[in-house]
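*Asks:* Submitted below is the structure of interest, expressed as structure tokens.
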Amino acid sequence: MARSWLDYKSPAWVQWCPGCGDFGILNSIYRALAELNLDPEKLVVVGGIGCSGRTTFYVKGSNAHALHGRAIPLATGIKLARPELTVIVSAGDGDLLGIGGGHFVALGRRNVDITVLLHNNAVYGLTKGQAAPTLPAWVQTKALAHPNIHDNVNPVLLAFASGYTFIARGYAYHTNQLKELIKAAIRHRGAALVDILQPCPTYNNIMTNKWYEERIYYVDQEDPSYDPVIRTPEDYKTKMPKIMEKLMEFGDRIPLGILYWNQTKEPLEDRLEKLMPGYKAAPPGTRRISVKGKPFLHPFDVFKDRVIEVP
Amino acid sequence: MVDLTLIIAGPQGGGIESAGQIALKTFVLKGYDVIGTREYHSNIMGAHSYYLMRVRERRPGAVRIPVDALLALDAESVLTHFNDVREGGFLVYDPATAKTRADQIQPMAAPLKERLKRFFAERGEKPTVEAAIKVAEERGVKPVGLPLKTLLKRVAEEAKTPPASVSKTVNTMGLAATLYLLGVEPEVVERAIALQFARKEKVVKINVIAARIAVEYVKEVYGPQSRIPDGPHRGRQRMIASGNDVVGMGKIVAGLGFLSYYPITPSSDEALYVEKHNYISVPQEAVGELGYDKLSVVTIQTEDELAAVNMAIGAALAGARASTTTSGPGFSLMNEAISLAVEAEVPLVITLWMRAGPSTGMPTRTGQQDVLHAIFSGHGDAPKIVLASGDHVEAYYDAIKAFNWAERFQVPVIHLLDKYLASTMVSLDREDLDPSPVVIDRGKLVEKPSDGYLRYEITEDGISPRARIGDAVMYITGLEHTPDGKATEDPVAREEMMFKRERKMKVVEREIPEEDKALLLGDKDSEIAIVSFGSNKPIILEALDMLREEGITARFVHVRLLSPFPGELVAEMLRGAEKIIVVEANLWGQLATLLRAYAGIKPQHSIVKINGRPFYDNELAGAIKRVLETGEERVVVSGGA
């Protein structure tokens with residue numbers, strides 16, 4: 001059964017400010033899900049805390065809304081308990097890179113098959129405009145008392161260093177391109193990051209649509225030969241210099257598109273299956289745990305390392 | 001009647017742990033029941049550590065000092081424990097250390113050096129090993145010198161290897177000599193060595209040679225010793241397991257599917273034990289109904305405790321029996337997530353192994369200082385279940401119950417234990433861990449939710465049908481919500497949800513059986529009442545046995561459920577008690593606070609221990625007597641090095 005984007009729209013009122021980049025992201029998510037024709041019951045959108053975290057309630061799915069910073073661990077627990085589900089994290093820059101920075105790194109290290117949609121507007125919207133970890137130094141957005149004295153983190157570079165195997169950057173108002181990036185990220189088996197630049201018309205009066213449009217460009221449009229895909233260890237040597245250049249670029253020019261796509265690494269679920277054959281067929285979330293309502297293991301029969309035969 | 005106590009002491013990394021385990025195995029092979037506990041520093045190599053054990057026909061509920069024998073493998077051990085041996089007991093040491101002075105021992109704690117200096121200065125002596133031996137000897141202790149270096153040479157000669165390669169056998173030599181002095185035949189020790197180093201043939205061989213040479217030496221110098229008889233527990237399978245082990249076993253028996261943890265003493269050993277056993281062949285007869293023949297438990301070492309608890313919540317939402325295990329500092333980090341689990345009604349099990357705080361405190365020492373922290377964890381009105389186990393058997397069954405309750409009532413369950421129980425090993429029988437009386441109760445788990453499923457449906461008992469994430473469209477959230485899980489700040493909907501969650505706790509209070517709330521033990525009519533909880537249980541029972549012989553009897557209320565606190569039941573159990581003494585390992589009086597708050601009882605007396613070591617039965621019996629004689633409000637006991 002083919003699904004339309006309306007099949008993923010929950011009846012909730014979308015409470016974002018007019019012109020918010022989140023609308024573009026939500027619209028792209030709906031269309032990506034429809035084109036992938038995912039079953040809403042098998043789809044899990046895990047939201048963080050903040051404006052973007054409300055995406056949890058706007059997408060029809062089997063969803064969970066996490067604590068501030070903890071969307072990735074919550075999503076990881078769900079995915080490892082039921083590896084057959086499609087798990088998407090939708091959270092902001094403050095959530096994923098500030099309070100939850102350690103988990104952002106750990107997801108790369110684990111390469112769990114989770115898609116992270118990073119709503120990157122460089123401010124904390126819901127608490128009225130404080131600086132996010134992605135706000136460049138000396139920028140003074142309107143809610144700040146002084147120019148920002150912290151440097152900004154580069155999410156795609158951090159993701160690369162952490163081990164994410166799919167890294168892309170999109171722009172919230174370019175919904176057609178963003179939809180394609182989200183689709184590719186969901187299809188990818190492993191930790192995927194889509195860094196989504198978005199204006200916050202209410203609090204970020206510096207990094208506006210105009211500011212972005214003057215800087216962003218698509219890597220594949222500028223250079224059709226740009227190849228982000230690593231298929232063999234050999235590809236590393238030949239392709240990484242160019243990829244690295246794109247990952248590092250953020251300033252007067254900001255590259256969009258699929259920047260890095262490593263297809264040589266298995267996701268954590270495959271590693272677990274390798275260690276414990278049968279894990280995926282009888283995963284922790286759904287396997288039966290009792291026989292006629294009773295436990296079926298006796299410690300003396302299982303934990304032999306503690307048993308002593310007394311003559 | 002055999003009732004032996006023993007200290008094996010030496011530097012950390014010097015095989016104290018394995019010598020302790022060999023000793024436990026030896027006595028179990030000989031047919032006895034054992035208890036052995038480990039005291040160690042937050043250090044890998046060099047700091048002082050010791051194993052304290054007791055052997056008896058029936059399972060000893062406590063360790064105690066003074067002991068029948070001390071094996072002191074280095075100078076620090078002699079100077080730390082020379083007053084811990086009873087009159088007529090053995091002090092086994094290396095005479096080569098005789099001249100060593102306390103101030104020459106680098107790892108020794110400065111305050112202890114100072115105490116030793118003062119102690120020996122009063123006698124006009126320097127704080128040396130030989131001075132300590134002399135003091136012990138004056139008290140009737142029998143010193144036994146074991147020249148370890150000379151004996152090591154013999155071991156190397158006999159094993160035909162260089163001396164350096166056998167240097168690790170000094171603990172075995174000391175142990176074999178000590179056990180021989182205590183009346184154990186060397187053959188049993190050798191069998192225990194073979195068990196300890198199973199499949200490492202070379203190691204077994206060298207250690208057996210070392211044991212023999214040490215025993216021959218003792219026989220030569222001190223003459224043959226009398227034998228203790230074989231114990232009553234023979235001819236069957238037995239187990240020696242720690243509190244960490246049995247909790248891990250209980251979880252797996254309960255159907256654990258997911259365990260996340262961040263390394264922290266004293267909880268890590270539980271996680272590591274589960275990790276070691278996370279892939280299990282299902283018994284043939286169960287394969288049909290289960291539909292799988294290999295059981296896998298996903299065990300994940302996380303980047304921090306925040307990840308550990310939130311991952312476990314995620315896995316629980318997806319239908320797994322999920323748990324995380326931690327200690328005080330880690331539990332502090334988990335607080336926010338506990339509140340989420342309350343609001344989102346997640347069946348989460350947190351195992352909390354208390355250690356001595358506040359802050360990093362004494363990471364490897366015991367305490368019961370997180371009672372109030374556990375109960376009041378999480379911001380907002382966040383009621384939850386807190387269950388404390390008294391001994392290994394309770395801990396095993398409680399680990400299973402915790403999951404049943406978490407799923408039945410859809411609340412987080414905190415299973416409260418401590419470092420003493422964590423690292424204490426006891427002998428167990430097959431019946432002690434029999435899972436057949438247990439049921440697996442998943443509460444209102446819905447396998448196939450129908451259209452229009454509401455995760456937070458308002459029900460009479462407050463418990464909603466619970467579908468797994470991935471089986472229905474739903475919204476799980478820590479925001480206040482409507483029955484469909486959508487965020488709301490509507491005042492009426494808010495009250496409805498608050499009352500719904502409150503009703504669940506009423507069901508918890510009603511449906512948890514009395515024996516899981518509190519036990520009335522001892523002499524139930526006595527006017528003297530002891531109230532305690534957790535791992536103090538068997539220690540108090542031992543102390544009460546000792547007091548009974550002196551004509552003193554007391555009732556003992558062992559509180560199991562700390563939240564919701566069974567105030568009425570405990571008050572009922574304490575009715576008619578004239579003197580109420582609370583025993584707990586914290587200075588605040590946390591259990592006493594709960595008695596005042598929930599049972600309307602103001603206990604007059606307390607016995608507390610805060611030095612990071614467990615209660616000993618003899619010191620506890622002494623403290624109870626002291627309270628009765630002097631009427632003191634608080635007695636602080638301080639046994640242990």
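Lettering and numbering for the structure tokens are positional, with chains as A, B, ... in the shown order, residues counted from 1 in each chain, and ligands counted from 1 in the shown order.
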Give me, as a PyMOL selection string, the residues of region 372-428 of chain B that a backbone DSSP run labels helix (DSSP H, G or I).

*Replies:* chain B and resi 372-375+392-409+419-423

*Asks:* Within 7 Å of chain A, which residues belong to chain B? Use only C-alpha atoms and report them as an MDAnalysis selection string.

*Replies:* chainID B and resid 29 234:241 249 253:255 257:258 279 286 289:290 292 294 296:297 303 307 310:315 317:320 430 433:435 438:440 469:478 486

*Asks:* Residues within 9 Å of Lys149 (chain B), please, as a list in words. Count only C-alpha atoms; anything in the same chain fewer than 4 positions from it doesn't count.

*Replies:*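 Answer for this query is Asp94, Ala96, Lys153, Arg154, Ser167 and Val170 of chain B.
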
*Asks:* How would the residues just picked look written out with C-alpha atoms as a PDB file, in the first residue's frame?

*Replies:*
```
ATOM      1  CA  ASP B  94      57.018 -13.742  57.174  1.00  0.00           C
ATOM      2  CA  ALA B  96      61.872 -11.508  57.053  1.00  0.00           C
ATOM      3  CA  LYS B 153      63.335 -21.055  46.326  1.00  0.00           C
ATOM      4  CA  ARG B 154      62.295 -24.594  47.197  1.00  0.00           C
ATOM      5  CA  SER B 167      56.715 -15.552  43.056  1.00  0.00           C
ATOM      6  CA  VAL B 170      53.273 -16.746  48.131  1.00  0.00           C
TER       7      VAL B 170
END
```

*Asks:* Using Å and a single decimal, report how far CA of Val67 (chain B) sits from CA of Val85 (chain B).

*Replies:*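 Going from CA of Val85 (chain B) over to CA of Val67 (chain B) covers 4.8 Å.
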
*Asks:* Residues near Thr134 (chain A), anyone? I mean within 7 Å using only C-alpha atoms, not counting same-chain ones fewer than 4 positions away, as an mmCIF file with N, CA and C atoms, in the first residue's frame.

*Replies:*
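Saved to result.cif:
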```
data_model
loop_
_atom_site.group_PDB
_atom_site.id
_atom_site.type_symbol
_atom_site.label_atom_id
_atom_site.label_comp_id
_atom_site.auth_asym_id
_atom_site.auth_seq_id
_atom_site.Cartn_x
_atom_site.Cartn_y
_atom_site.Cartn_z
ATOM 1 N N ASP A 93 20.387 21.664 18.230
ATOM 2 C CA ASP A 93 21.847 21.776 18.380
ATOM 3 C C ASP A 93 22.250 21.824 19.856
ATOM 4 N N ALA A 122 21.502 27.496 15.741
ATOM 5 C CA ALA A 122 22.530 28.217 16.497
ATOM 6 C C ALA A 122 22.006 28.939 17.744
ATOM 7 N N ASN A 152 32.252 28.057 17.868
ATOM 8 C CA ASN A 152 31.225 27.087 17.490
ATOM 9 C C ASN A 152 31.839 25.737 17.150
ATOM 10 N N VAL A 153 31.090 24.677 17.451
ATOM 11 C CA VAL A 153 31.516 23.337 17.078
ATOM 12 C C VAL A 153 31.003 23.083 15.664
ATOM 13 N N ASN A 154 31.777 22.311 14.908
ATOM 14 C CA ASN A 154 31.353 21.931 13.568
ATOM 15 C C ASN A 154 30.751 20.527 13.645
#
```

*Asks:* Counting only C-alpha atoms, what is within 7 Å of Lys537 (chain B), bar same-chain residues fewer than 3 positions away, as a tab-separated table (two decimals) with N, CA and C atoms, in the first residue's frame?

*Replies:*
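Contents of around-v9.tsv, as written:
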```
chain	number	residue	atom	x	y	z
B	390	GLY	N	17.95	-8.38	52.17
B	390	GLY	CA	18.67	-8.65	53.41
B	390	GLY	C	19.84	-9.60	53.26
B	533	PHE	N	17.26	-2.81	58.09
B	533	PHE	CA	16.92	-3.18	56.71
B	533	PHE	C	18.20	-3.64	56.02
B	534	GLY	N	18.03	-4.18	54.84
B	534	GLY	CA	19.18	-4.51	53.99
B	534	GLY	C	20.08	-5.55	54.61
B	540	ILE	N	22.20	-9.16	62.29
B	540	ILE	CA	21.36	-8.95	63.48
B	540	ILE	C	20.86	-10.29	64.01
B	541	LEU	N	20.48	-11.18	63.12
B	541	LEU	CA	20.00	-12.49	63.59
B	541	LEU	C	21.10	-13.23	64.35
B	558	HIS	N	12.59	-6.45	60.17
B	558	HIS	CA	13.44	-6.31	58.99
B	558	HIS	C	12.58	-5.66	57.90
```

*Asks:* What is the distance, in Å and to one decimal place, between CA of Val627 (chain B) and CA of Asp68 (chain B)?

*Replies:*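 Result for CA of Val627 (chain B) versus CA of Asp68 (chain B): 28.0 Å, one decimal.
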
*Asks:* Mind listing the strand (DSSP E or B) residues of region 88-190 of chain B, per DSSP on the backbone, as an MDAnalysis selection string?

*Replies:* chainID B and resid 88:93 101 128 142:145

*Asks:* Keeping C-alpha atoms for every residue in the selection just given, could you write it to a file as a PDB file, in the first residue's frame?

*Replies:*
```pdb
ATOM      1  CA  GLY B  88      45.020 -18.925  71.172  1.00  0.00           C
ATOM      2  CA  GLY B  89      44.677 -17.996  67.500  1.00  0.00           C
ATOM      3  CA  PHE B  90      47.409 -18.094  64.849  1.00  0.00           C
ATOM      4  CA  LEU B  91      49.251 -15.187  63.307  1.00  0.00           C
ATOM      5  CA  VAL B  92      51.055 -16.375  60.204  1.00  0.00           C
ATOM      6  CA  TYR B  93      53.676 -13.955  58.921  1.00  0.00           C
ATOM      7  CA  ARG B 101      58.724  -0.164  60.801  1.00  0.00           C
ATOM      8  CA  THR B 128      57.828  -2.658  64.026  1.00  0.00           C
ATOM      9  CA  LYS B 142      50.530 -18.072  68.468  1.00  0.00           C
ATOM     10  CA  PRO B 143      52.860 -16.472  65.917  1.00  0.00           C
ATOM     11  CA  VAL B 144      53.866 -18.736  63.046  1.00  0.00           C
ATOM     12  CA  GLY B 145      56.812 -17.566  60.985  1.00  0.00           C
TER      13      GLY B 145
END
```

*Asks:* Using only C-alpha atoms, which protein or nucleic acid residues come within 7 Å of Phe556 (chain B)? Drop anything in the same chain fewer than 3 positions from it, and give the result as an mmCIF file with C-alpha atoms, in the first residue's frame.

*Replies:*
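What ended up in around33.cif:
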```cif
data_model
loop_
_atom_site.group_PDB
_atom_site.id
_atom_site.type_symbol
_atom_site.label_atom_id
_atom_site.label_comp_id
_atom_site.auth_asym_id
_atom_site.auth_seq_id
_atom_site.Cartn_x
_atom_site.Cartn_y
_atom_site.Cartn_z
ATOM 1 C CA LEU B 520 8.926 -9.708 62.114
ATOM 2 C CA LEU B 521 11.746 -11.940 63.316
ATOM 3 C CA GLY B 522 13.368 -12.876 66.610
ATOM 4 C CA ALA B 529 12.796 -4.201 69.274
ATOM 5 C CA ILE B 530 15.521 -3.885 66.691
ATOM 6 C CA VAL B 531 14.526 -2.213 63.428
#
```

*Asks:* For Asp461 (chain B), please output as a list in words all residues within 8 Å (counting only C-alpha atoms; exclusion window: fewer than 2 positions along the same chain).

*Replies:* Thr459, Ile463, Lys500, Arg503, Lys504 and Val507 of chain B

*Asks:* Take the residues just selected and output them with C-alpha atoms as a CSV table (one decimal), in the first residue's frame.

*Replies:*
```
chain,number,residue,atom,x,y,z
B,459,THR,CA,-8.3,3.2,34.2
B,463,ILE,CA,-2.6,1.1,35.2
B,500,LYS,CA,-4.1,8.1,37.8
B,503,ARG,CA,-3.9,5.2,42.1
B,504,LYS,CA,-1.2,2.9,40.8
B,507,VAL,CA,-2.4,-0.7,44.1
```

*Asks:* Nearest to Glu180 (chain A): which of A:Ile88, A:Leu96, A:Ala32, A:Cys20 is it, counting only C-alpha atoms?

*Replies:*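 Of A:Ile88, A:Leu96, A:Ala32, A:Cys20, the one nearest Glu180 (chain A), counting only C-alpha atoms, is A:Ala32.
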
*Asks:* Out of A:Leu181, A:Leu6, A:Leu247, A:Ala172, which residue has the shortest atom-to-atom distance to Leu158 (chain A) when counting only C-alpha atoms?

*Replies:* A:Leu247
